[in-house]
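Undergrad: Sharing a structure here in structure tokens format.
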Amino acid sequence: GGVAALSCSSISTAFGQDKTPIKVGILHSLSGTMAISETALKETALMTIADINAKGGVMGRMLEPVVVDPASNWPLFAEKARQLLTQDKVAVVFGCWTSVSRKSVLPVFKELNGLLFYPVQYEGEELERNVFYTGAAPNQQAIPATEYLMSKEGGAAKRFFLLGTDYVYPRTTNKILRAFLKAKGVADADIMEEYTPFGHADYQTIIAKIKKFASEGKKTAVVSTINGDSNVPFYKELGNQGLNAKDVPVVAFSVGEEELRGVDTKPLVGHLAAWNYFMSLKNPANDAFRKQWADYAKAKKLPGADKPLTNDPMEAAYVGIHMWKQAVEKAKSTDTDKVVAAMGGQSFKAPNGFTIKMDEKNHHLHKSVFIGEV
């Protein structure tokens with residue numbers, strides 16, 4: 001009987017009746033300076049996976065998440081990525097937030113021919129065969145936001161204070177913005193650039209600098225690429241020093257609903273963020289997404305479940321996982337090369353209210369831009 005049973009199982013596998021779970025990796029910082037932002041992405045991935053499983057899985061197979069904590073430690077991201085691909089044998093990894101973590105894992109994904117879905121806005125200037133980028137590039141966030149600040153309705157800013165965390169994403173984005181501003185006739189003397197380390201907590205001196213820069217006669221705006229938990233002391237200090245949006249608007253590219261949770265937002269009313277999704281968008285796809293998240297947060301007793309918040313990177317993570325599922329089903333395989341080939345042109349009705357499409361060639365999504373106010 002043993003032989004017959006073996007041959008049966010091999011035949012059924014050949015006909016796509018494989019019922020073994022598909023392992024998928026989740027690579028997000030659950031501790032350290034980036035946990036404030038990344039923990040929600042881990043939970044979004046788990047929610048999306050549970051939902052896919054409840055609806056029959058992928059090709060009739062359940063997804064089995066493998067969660068690791070790279071702890072806001074950039075070299076550790078590479079180690080954990082290697083562990084997921086070689087030991088856990090995951091078919092795909094959903095993860096990373098900072099560009100420095102993504103740059104750290106890239107060589108591992110290339111060497112092992114793994115597949116990474118990266119859900120956060122970044123500096124662009126990258127196209128890796130093993131990565132799909134579901135967040136914004138600068139033309140989908142930073143440049144439209146800066147154009148808005150220069151427009152009449154955005155306050156007609158003439159001077160720009162570029163403030164960021166000291167790593168590749170803020171520096172490269174600001175290099176792109178500086179070139180854009182110069183092309184629009186903004187003089188070098190009207191652009192100031194400052195960087196603070198990850199985890200920086202004392203913004204008194206910097207806010208004083210911004211006030212001085214803004215007091216020199218021309219309408220000033222701040223463009224913030226501060227990442228992680230530094231956003232909390234930054235916004236608190238903004239409030240303390242009474243820097244209001246009417247006088248000096250701040251537009252952020254790395255602050256969503258989640259990062260403002262721990263801040264008194266009364267003094268911050270009117271400050272801005274540019275994203276491809278906001279929780280407050282009114283459409284049926286977003287209503288469903290918000291409800292799904294609220295129910296999940298409550299069932300899992302997540303911190304803050306009494307006030308469940310969704311944000312842009314959560315939406316991008318959710319869209320990426322669904323598009324991966326669609327590509328696997330189109331390819332009838334979890335093999336990296338086949339999935340990569342099937343990803344181009346995938347489309348998905350996203351919570352931002354649009355059907356968004358993965359470009360046929362360049363591994364980035366076609367996205368719409370929104371400017372939101374606190």
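Chain identifiers are assigned as A, B, and so on, following the order in which chains appear in the structure tokens; residues are numbered from 1 within each chain, and ligands are numbered from 1 in order of appearance.
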List every residue of stretch 57-289 of chain A that DSSP, applied to the backbone of this structure, places in strand (DSSP E), and write the result as number ranges by chain.

TA: A: 63-68, 92-95, 116-118, 131-133, 159-165, 191-196, 220-225, 250-252, 272-275

Undergrad: May I have the selected residues written with N, CA and C atoms, as a compact mmCIF listing (two decimals), in the first residue's frame?

TA:
# COMPACT_ATOMS: atom_id res chain seq x y z
N LEU A 63 -1.37 30.24 3.48
CA LEU A 63 -0.13 31.00 3.68
C LEU A 63 0.29 30.86 5.13
N GLU A 64 1.57 30.61 5.35
CA GLU A 64 2.10 30.49 6.71
C GLU A 64 3.13 31.59 6.95
N PRO A 65 2.75 32.62 7.74
CA PRO A 65 3.69 33.73 7.95
C PRO A 65 4.84 33.34 8.88
N VAL A 66 6.03 33.80 8.55
CA VAL A 66 7.19 33.65 9.43
C VAL A 66 7.65 35.06 9.77
N VAL A 67 7.47 35.45 11.04
CA VAL A 67 7.75 36.82 11.47
C VAL A 67 9.10 36.87 12.17
N VAL A 68 9.95 37.80 11.75
CA VAL A 68 11.24 38.01 12.44
C VAL A 68 11.34 39.49 12.83
N VAL A 92 8.37 34.35 -0.47
CA VAL A 92 8.37 35.80 -0.69
C VAL A 92 8.58 36.45 0.67
N VAL A 93 9.11 37.68 0.65
CA VAL A 93 9.26 38.44 1.90
C VAL A 93 8.54 39.78 1.73
N PHE A 94 7.74 40.13 2.73
CA PHE A 94 7.12 41.45 2.78
C PHE A 94 7.86 42.21 3.87
N GLY A 95 8.51 43.33 3.52
CA GLY A 95 9.23 43.99 4.59
C GLY A 95 10.06 45.20 4.24
N LEU A 116 11.27 40.33 -2.74
CA LEU A 116 10.91 41.28 -1.68
C LEU A 116 9.84 42.24 -2.17
N PHE A 117 8.80 42.42 -1.36
CA PHE A 117 7.82 43.47 -1.62
C PHE A 117 8.05 44.57 -0.59
N TYR A 118 8.36 45.78 -1.10
CA TYR A 118 8.76 46.90 -0.27
C TYR A 118 7.66 47.95 -0.28
N VAL A 131 12.86 42.93 -6.46
CA VAL A 131 12.06 43.78 -5.57
C VAL A 131 10.88 44.38 -6.34
N PHE A 132 9.72 44.43 -5.67
CA PHE A 132 8.60 45.23 -6.17
C PHE A 132 8.33 46.33 -5.16
N TYR A 133 8.22 47.56 -5.68
CA TYR A 133 8.12 48.76 -4.84
C TYR A 133 6.67 49.22 -4.87
N ARG A 159 10.85 80.07 0.41
CA ARG A 159 12.05 79.52 1.07
C ARG A 159 11.72 78.14 1.62
N PHE A 160 12.70 77.25 1.60
CA PHE A 160 12.46 75.86 1.97
C PHE A 160 13.51 75.35 2.95
N PHE A 161 13.03 74.84 4.06
CA PHE A 161 13.90 74.23 5.06
C PHE A 161 13.72 72.71 4.94
N LEU A 162 14.76 72.03 4.42
CA LEU A 162 14.69 70.57 4.18
C LEU A 162 15.28 69.87 5.39
N LEU A 163 14.42 69.19 6.14
CA LEU A 163 14.84 68.58 7.40
C LEU A 163 14.63 67.08 7.35
N GLY A 164 15.70 66.31 7.59
CA GLY A 164 15.54 64.85 7.47
C GLY A 164 16.38 64.07 8.46
N THR A 165 16.10 62.78 8.53
CA THR A 165 16.94 61.85 9.27
C THR A 165 18.16 61.56 8.38
N ILE A 191 17.32 77.92 0.37
CA ILE A 191 17.16 76.49 0.69
C ILE A 191 18.12 76.15 1.82
N MET A 192 17.58 75.58 2.88
CA MET A 192 18.44 75.15 3.98
C MET A 192 18.22 73.66 4.20
N GLU A 193 19.30 72.94 4.52
CA GLU A 193 19.22 71.49 4.69
C GLU A 193 19.80 71.10 6.05
N GLU A 194 19.08 70.30 6.80
CA GLU A 194 19.58 69.83 8.10
C GLU A 194 19.24 68.36 8.29
N TYR A 195 20.14 67.62 8.95
CA TYR A 195 19.90 66.20 9.22
C TYR A 195 20.14 65.87 10.69
N THR A 196 19.32 64.96 11.19
CA THR A 196 19.49 64.49 12.57
C THR A 196 19.61 62.96 12.54
N THR A 220 8.13 80.85 4.22
CA THR A 220 8.96 79.66 4.39
C THR A 220 8.11 78.42 4.64
N ALA A 221 8.55 77.29 4.09
CA ALA A 221 7.91 76.01 4.38
C ALA A 221 8.98 75.00 4.78
N VAL A 222 8.58 74.02 5.59
CA VAL A 222 9.50 72.96 6.00
C VAL A 222 9.09 71.67 5.29
N VAL A 223 10.08 70.98 4.74
CA VAL A 223 9.84 69.67 4.12
C VAL A 223 10.53 68.64 5.02
N SER A 224 9.73 67.78 5.65
CA SER A 224 10.29 66.84 6.63
C SER A 224 10.37 65.42 6.11
N THR A 225 11.58 64.89 6.16
CA THR A 225 11.80 63.46 5.89
C THR A 225 12.37 62.81 7.16
N VAL A 250 4.54 72.76 7.63
CA VAL A 250 5.45 71.61 7.54
C VAL A 250 4.74 70.54 6.73
N VAL A 251 5.40 70.04 5.68
CA VAL A 251 4.85 68.89 4.96
C VAL A 251 5.77 67.70 5.22
N ALA A 252 5.17 66.56 5.58
CA ALA A 252 5.94 65.37 5.92
C ALA A 252 5.68 64.27 4.91
N LEU A 272 0.94 69.53 7.15
CA LEU A 272 0.58 68.71 5.99
C LEU A 272 1.35 67.41 5.90
N ALA A 273 0.78 66.47 5.18
CA ALA A 273 1.51 65.28 4.77
C ALA A 273 1.10 64.97 3.34
N ALA A 274 2.04 64.41 2.58
CA ALA A 274 1.74 64.00 1.20
C ALA A 274 1.89 62.50 1.13
N TRP A 275 0.84 61.83 0.70
CA TRP A 275 0.85 60.37 0.57
C TRP A 275 -0.03 59.97 -0.61

Undergrad: Compile the contact shell of A:Lys110 as a JSON list (two decimals) with all heavy atoms, in the first residue's frame: residues with an atom at most 12 Å away, counting only C-alpha atoms, same-chain residues fewer than 5 positions apart removed.

TA:
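The resulting result-v3.json:
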[["chain", "number", "residue", "atom", "x", "y", "z"],
["A", 78, "ALA", "N", 19.81, 42.08, 6.96],
["A", 78, "ALA", "CA", 20.39, 41.16, 5.98],
["A", 78, "ALA", "C", 20.46, 39.75, 6.54],
["A", 78, "ALA", "O", 20.13, 38.78, 5.86],
["A", 78, "ALA", "CB", 21.77, 41.65, 5.56],
["A", 81, "ALA", "N", 16.97, 38.33, 6.62],
["A", 81, "ALA", "CA", 16.51, 38.01, 5.25],
["A", 81, "ALA", "C", 17.11, 36.68, 4.81],
["A", 81, "ALA", "O", 16.42, 35.83, 4.24],
["A", 81, "ALA", "CB", 16.93, 39.12, 4.29],
["A", 82, "ARG", "N", 18.40, 36.48, 5.10],
["A", 82, "ARG", "CA", 19.07, 35.23, 4.73],
["A", 82, "ARG", "C", 18.42, 34.04, 5.44],
["A", 82, "ARG", "O", 18.18, 32.99, 4.85],
["A", 82, "ARG", "CB", 20.56, 35.31, 5.05],
["A", 82, "ARG", "CG", 21.37, 34.11, 4.56],
["A", 82, "ARG", "CD", 22.87, 34.31, 4.76],
["A", 82, "ARG", "NE", 23.40, 35.37, 3.91],
["A", 82, "ARG", "CZ", 23.72, 35.22, 2.63],
["A", 82, "ARG", "NH1", 23.55, 34.04, 2.03],
["A", 82, "ARG", "NH2", 24.19, 36.24, 1.94],
["A", 85, "LEU", "N", 15.10, 33.16, 3.83],
["A", 85, "LEU", "CA", 15.20, 32.53, 2.50],
["A", 85, "LEU", "C", 15.87, 31.15, 2.56],
["A", 85, "LEU", "O", 15.47, 30.25, 1.83],
["A", 85, "LEU", "CB", 15.97, 33.45, 1.55],
["A", 85, "LEU", "CG", 15.25, 34.76, 1.18],
["A", 85, "LEU", "CD1", 16.19, 35.71, 0.45],
["A", 85, "LEU", "CD2", 14.02, 34.49, 0.31],
["A", 103, "LYS", "N", 18.58, 48.56, 1.28],
["A", 103, "LYS", "CA", 19.91, 48.43, 0.65],
["A", 103, "LYS", "C", 20.70, 47.30, 1.32],
["A", 103, "LYS", "O", 21.50, 46.62, 0.68],
["A", 103, "LYS", "CB", 20.69, 49.74, 0.75],
["A", 103, "LYS", "CG", 20.06, 50.93, 0.03],
["A", 103, "LYS", "CD", 20.31, 50.93, -1.46],
["A", 103, "LYS", "CE", 19.85, 52.23, -2.12],
["A", 103, "LYS", "NZ", 19.76, 52.10, -3.59],
["A", 104, "SER", "N", 20.48, 47.12, 2.61],
["A", 104, "SER", "CA", 21.18, 46.08, 3.36],
["A", 104, "SER", "C", 20.77, 44.68, 2.93],
["A", 104, "SER", "O", 21.60, 43.77, 2.85],
["A", 104, "SER", "CB", 20.93, 46.30, 4.87],
["A", 104, "SER", "OG", 21.28, 45.16, 5.60],
["A", 105, "VAL", "N", 19.47, 44.49, 2.61],
["A", 105, "VAL", "CA", 19.01, 43.14, 2.24],
["A", 105, "VAL", "C", 19.16, 42.83, 0.74],
["A", 105, "VAL", "O", 19.13, 41.67, 0.35],
["A", 105, "VAL", "CB", 17.53, 42.89, 2.65],
["A", 105, "VAL", "CG1", 17.33, 43.11, 4.14],
["A", 105, "VAL", "CG2", 16.55, 43.73, 1.85],
["A", 115, "LEU", "N", 12.42, 37.13, -3.30],
["A", 115, "LEU", "CA", 11.49, 38.15, -3.78],
["A", 115, "LEU", "C", 11.06, 39.02, -2.60],
["A", 115, "LEU", "O", 10.59, 38.51, -1.59],
["A", 115, "LEU", "CB", 10.27, 37.44, -4.40],
["A", 115, "LEU", "CG", 9.23, 38.26, -5.13],
["A", 115, "LEU", "CD1", 9.86, 39.09, -6.25],
["A", 115, "LEU", "CD2", 8.17, 37.33, -5.72],
["A", 116, "LEU", "N", 11.27, 40.33, -2.74],
["A", 116, "LEU", "CA", 10.91, 41.28, -1.68],
["A", 116, "LEU", "C", 9.84, 42.24, -2.17],
["A", 116, "LEU", "O", 9.96, 42.82, -3.26],
["A", 116, "LEU", "CB", 12.15, 42.10, -1.26],
["A", 116, "LEU", "CG", 11.90, 43.25, -0.27],
["A", 116, "LEU", "CD1", 11.50, 42.73, 1.11],
["A", 116, "LEU", "CD2", 13.13, 44.16, -0.15],
["A", 128, "GLU", "N", 15.39, 46.91, -8.98],
["A", 128, "GLU", "CA", 15.98, 45.59, -8.77],
["A", 128, "GLU", "C", 15.00, 44.53, -9.23],
["A", 128, "GLU", "O", 13.81, 44.60, -8.91],
["A", 128, "GLU", "CB", 16.30, 45.39, -7.29],
["A", 128, "GLU", "CG", 17.42, 46.28, -6.77],
["A", 128, "GLU", "CD", 18.79, 45.90, -7.31],
["A", 128, "GLU", "OE1", 18.96, 44.77, -7.83],
["A", 128, "GLU", "OE2", 19.70, 46.74, -7.21],
["A", 129, "ARG", "N", 15.50, 43.53, -9.96],
["A", 129, "ARG", "CA", 14.66, 42.45, -10.46],
["A", 129, "ARG", "C", 13.95, 41.73, -9.33],
["A", 129, "ARG", "O", 12.84, 41.22, -9.49],
["A", 129, "ARG", "CB", 15.57, 41.47, -11.21],
["A", 129, "ARG", "CG", 14.90, 40.77, -12.35],
["A", 129, "ARG", "CD", 15.80, 39.68, -12.91],
["A", 129, "ARG", "NE", 15.07, 38.43, -12.89],
["A", 129, "ARG", "CZ", 14.99, 37.61, -11.84],
["A", 129, "ARG", "NH1", 15.60, 37.90, -10.73],
["A", 129, "ARG", "NH2", 14.28, 36.51, -11.92],
["A", 130, "ASN", "N", 14.57, 41.66, -8.16],
["A", 130, "ASN", "CA", 14.04, 40.88, -7.03],
["A", 130, "ASN", "C", 13.15, 41.68, -6.09],
["A", 130, "ASN", "O", 12.76, 41.17, -5.04],
["A", 130, "ASN", "CB", 15.19, 40.25, -6.25],
["A", 130, "ASN", "CG", 16.02, 39.30, -7.10],
["A", 130, "ASN", "OD1", 16.88, 39.74, -7.86],
["A", 130, "ASN", "ND2", 15.73, 38.02, -7.00],
["A", 131, "VAL", "N", 12.86, 42.93, -6.46],
["A", 131, "VAL", "CA", 12.06, 43.78, -5.57],
["A", 131, "VAL", "C", 10.88, 44.38, -6.34],
["A", 131, "VAL", "O", 11.02, 44.80, -7.49],
["A", 131, "VAL", "CB", 12.91, 44.95, -5.00],
["A", 131, "VAL", "CG1", 12.09, 45.77, -4.00],
["A", 131, "VAL", "CG2", 14.18, 44.43, -4.33],
["A", 336, "THR", "N", 10.26, 32.41, -8.05],
["A", 336, "THR", "CA", 10.55, 33.85, -8.17],
["A", 336, "THR", "C", 10.50, 34.33, -9.62],
["A", 336, "THR", "O", 9.84, 35.33, -9.93],
["A", 336, "THR", "CB", 11.93, 34.18, -7.55],
["A", 336, "THR", "OG1", 11.86, 33.94, -6.14],
["A", 336, "THR", "CG2", 12.30, 35.65, -7.77],
["A", 337, "ASP", "N", 11.19, 33.63, -10.52],
["A", 337, "ASP", "CA", 11.25, 34.10, -11.91],
["A", 337, "ASP", "C", 9.86, 34.15, -12.55],
["A", 337, "ASP", "O", 9.54, 35.08, -13.28],
["A", 337, "ASP", "CB", 12.17, 33.20, -12.74],
["A", 337, "ASP", "CG", 13.62, 33.25, -12.23],
["A", 337, "ASP", "OD1", 13.97, 34.25, -11.56],
["A", 337, "ASP", "OD2", 14.39, 32.31, -12.50]]

Undergrad: From a DSSP calculation on the backbone, collect every residue of stretch 137-190 of chain A in alpha helix (DSSP H) and output the set as JSON, numbers by chain.

TA: {"A": [142, 143, 144, 145, 146, 147, 148, 149, 150, 168, 169, 170, 171, 172, 173, 174, 175, 176, 177, 178, 179, 180, 181, 182, 183]}

Undergrad: Keeping N, CA and C atoms for every residue in the selection just given, could you write it to a file as a compact mmCIF listing (two decimals), in the first residue's frame?

TA:
# COMPACT_ATOMS: atom_id res chain seq x y z
N ALA A 142 7.15 63.60 -3.16
CA ALA A 142 7.95 64.76 -2.76
C ALA A 142 7.77 65.95 -3.70
N ILE A 143 7.83 65.68 -5.00
CA ILE A 143 7.75 66.79 -5.96
C ILE A 143 6.34 67.40 -6.00
N PRO A 144 5.27 66.58 -6.09
CA PRO A 144 3.93 67.20 -6.05
C PRO A 144 3.67 67.98 -4.75
N ALA A 145 4.20 67.49 -3.63
CA ALA A 145 3.99 68.19 -2.35
C ALA A 145 4.70 69.55 -2.36
N THR A 146 5.90 69.58 -2.91
CA THR A 146 6.66 70.83 -2.98
C THR A 146 5.98 71.80 -3.95
N GLU A 147 5.46 71.29 -5.05
CA GLU A 147 4.69 72.13 -5.98
C GLU A 147 3.48 72.74 -5.28
N TYR A 148 2.85 71.93 -4.44
CA TYR A 148 1.68 72.42 -3.70
C TYR A 148 2.08 73.57 -2.77
N LEU A 149 3.21 73.40 -2.05
CA LEU A 149 3.67 74.46 -1.13
C LEU A 149 3.96 75.76 -1.89
N MET A 150 4.41 75.65 -3.14
CA MET A 150 4.75 76.83 -3.94
C MET A 150 3.50 77.48 -4.55
N VAL A 168 20.12 57.57 3.48
CA VAL A 168 20.03 57.73 2.02
C VAL A 168 18.69 58.32 1.55
N TYR A 169 17.55 57.91 2.13
CA TYR A 169 16.27 58.40 1.60
C TYR A 169 16.13 59.92 1.72
N PRO A 170 16.31 60.50 2.93
CA PRO A 170 16.17 61.96 3.02
C PRO A 170 17.22 62.71 2.19
N ARG A 171 18.46 62.23 2.20
CA ARG A 171 19.52 62.94 1.47
C ARG A 171 19.27 62.93 -0.04
N THR A 172 18.87 61.77 -0.56
CA THR A 172 18.64 61.68 -2.01
C THR A 172 17.38 62.44 -2.41
N THR A 173 16.32 62.32 -1.61
CA THR A 173 15.09 63.06 -1.89
C THR A 173 15.37 64.56 -1.90
N ASN A 174 16.16 65.02 -0.93
CA ASN A 174 16.47 66.46 -0.87
C ASN A 174 17.37 66.91 -2.01
N LYS A 175 18.23 66.01 -2.49
CA LYS A 175 19.05 66.32 -3.67
C LYS A 175 18.12 66.54 -4.87
N ILE A 176 17.13 65.66 -5.00
CA ILE A 176 16.15 65.77 -6.10
C ILE A 176 15.31 67.05 -5.93
N LEU A 177 14.88 67.33 -4.68
CA LEU A 177 14.07 68.53 -4.42
C LEU A 177 14.87 69.81 -4.67
N ARG A 178 16.14 69.81 -4.28
CA ARG A 178 17.00 70.98 -4.49
C ARG A 178 17.10 71.29 -5.99
N ALA A 179 17.30 70.25 -6.79
CA ALA A 179 17.39 70.43 -8.25
C ALA A 179 16.06 70.95 -8.80
N PHE A 180 14.95 70.39 -8.28
CA PHE A 180 13.62 70.83 -8.70
C PHE A 180 13.40 72.31 -8.34
N LEU A 181 13.75 72.70 -7.10
CA LEU A 181 13.56 74.08 -6.65
C LEU A 181 14.41 75.05 -7.48
N LYS A 182 15.65 74.65 -7.75
CA LYS A 182 16.53 75.50 -8.56
C LYS A 182 15.92 75.71 -9.94
N ALA A 183 15.39 74.63 -10.51
CA ALA A 183 14.77 74.73 -11.84
C ALA A 183 13.58 75.68 -11.81

Undergrad: Under the rule that only C-alpha atoms are counted, which of A:Pro249, A:Gly320, A:Gly185, A:Pro267 is the nearest residue to A:Pro119?

TA: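 Smallest distance to A:Pro119 is found for A:Gly320.
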
Undergrad: Compare A:Asp18, A:Phe354, A:Thr205, A:Val374 by their minimum atom-to-atom distance to A:Asn283, counting only C-alpha atoms, and give me the closest one.

TA: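 Using only C-alpha atoms, A:Asn283 sits closest to A:Phe354.
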
Undergrad: Could you check the closest approach to A:Lys219 for each of A:Gly155, A:Gly114, A:Pro75, A:Gly344 and tell me which residue wins, using only C-alpha atoms?

TA: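 Nearest candidate to A:Lys219 out of A:Gly155, A:Gly114, A:Pro75, A:Gly344: A:Gly155.
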
Undergrad: Got a sec: who's within 8 Å of A:Met358, counting only C-alpha atoms, leaving out chain neighbours fewer than 6 positions off, as an MDAnalysis selection string?

TA: chainID A and resid 343:347 364:366

Undergrad: How many Å lie between atom CA of A:Ser333 and atom CA of A:Gly56, rounded to one decimal?

TA: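 Going from atom CA of A:Ser333 over to atom CA of A:Gly56 covers 16.2 Å.
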
Undergrad: How far is it from atom CA of A:Ala71 to atom CA of A:Ser29, in Å with one decimal?

TA: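 These two atoms are separated by 4.6 Å.
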
Undergrad: Pick out the closest residue to A:Pro303 from this set: A:Leu76, A:Ser280, A:Asp247, A:Gly262. Count only C-alpha atoms.

TA: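 Result for the nearest residue to A:Pro303: A:Gly262.
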
Undergrad: Which one of A:Ala294, A:Ala157, A:Val319, A:Ala331 sits closest to A:Ala214 if you count only C-alpha atoms?

TA: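 Looking only at the distances to A:Ala214, the closest residue turns out to be A:Ala157.
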
Undergrad: So, counting only C-alpha atoms, which residue among A:Lys55, A:His271, A:Arg61, A:Lys246 is closest to A:Thr20?

TA: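 Among the listed residues, the smallest separation from A:Thr20 belongs to A:Arg61.
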
Undergrad: Kindly give the distance, in Å, that separates atom CA of A:Ala91 and atom CA of A:Gly25, rounded to a single decimal.

TA: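 Here the two named atoms are 7.8 Å from each other.
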
Undergrad: Taking 5 positions as the minimum chain separation for residues in the same chain, which residues sit within 9 Å of A:Gln204 when counting only C-alpha atoms? Answer as a list of chain:residue names.

TA: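 Result of the neighbour search: A:Lys209, A:Phe234, A:Glu237, A:Leu238, A:Gln241.
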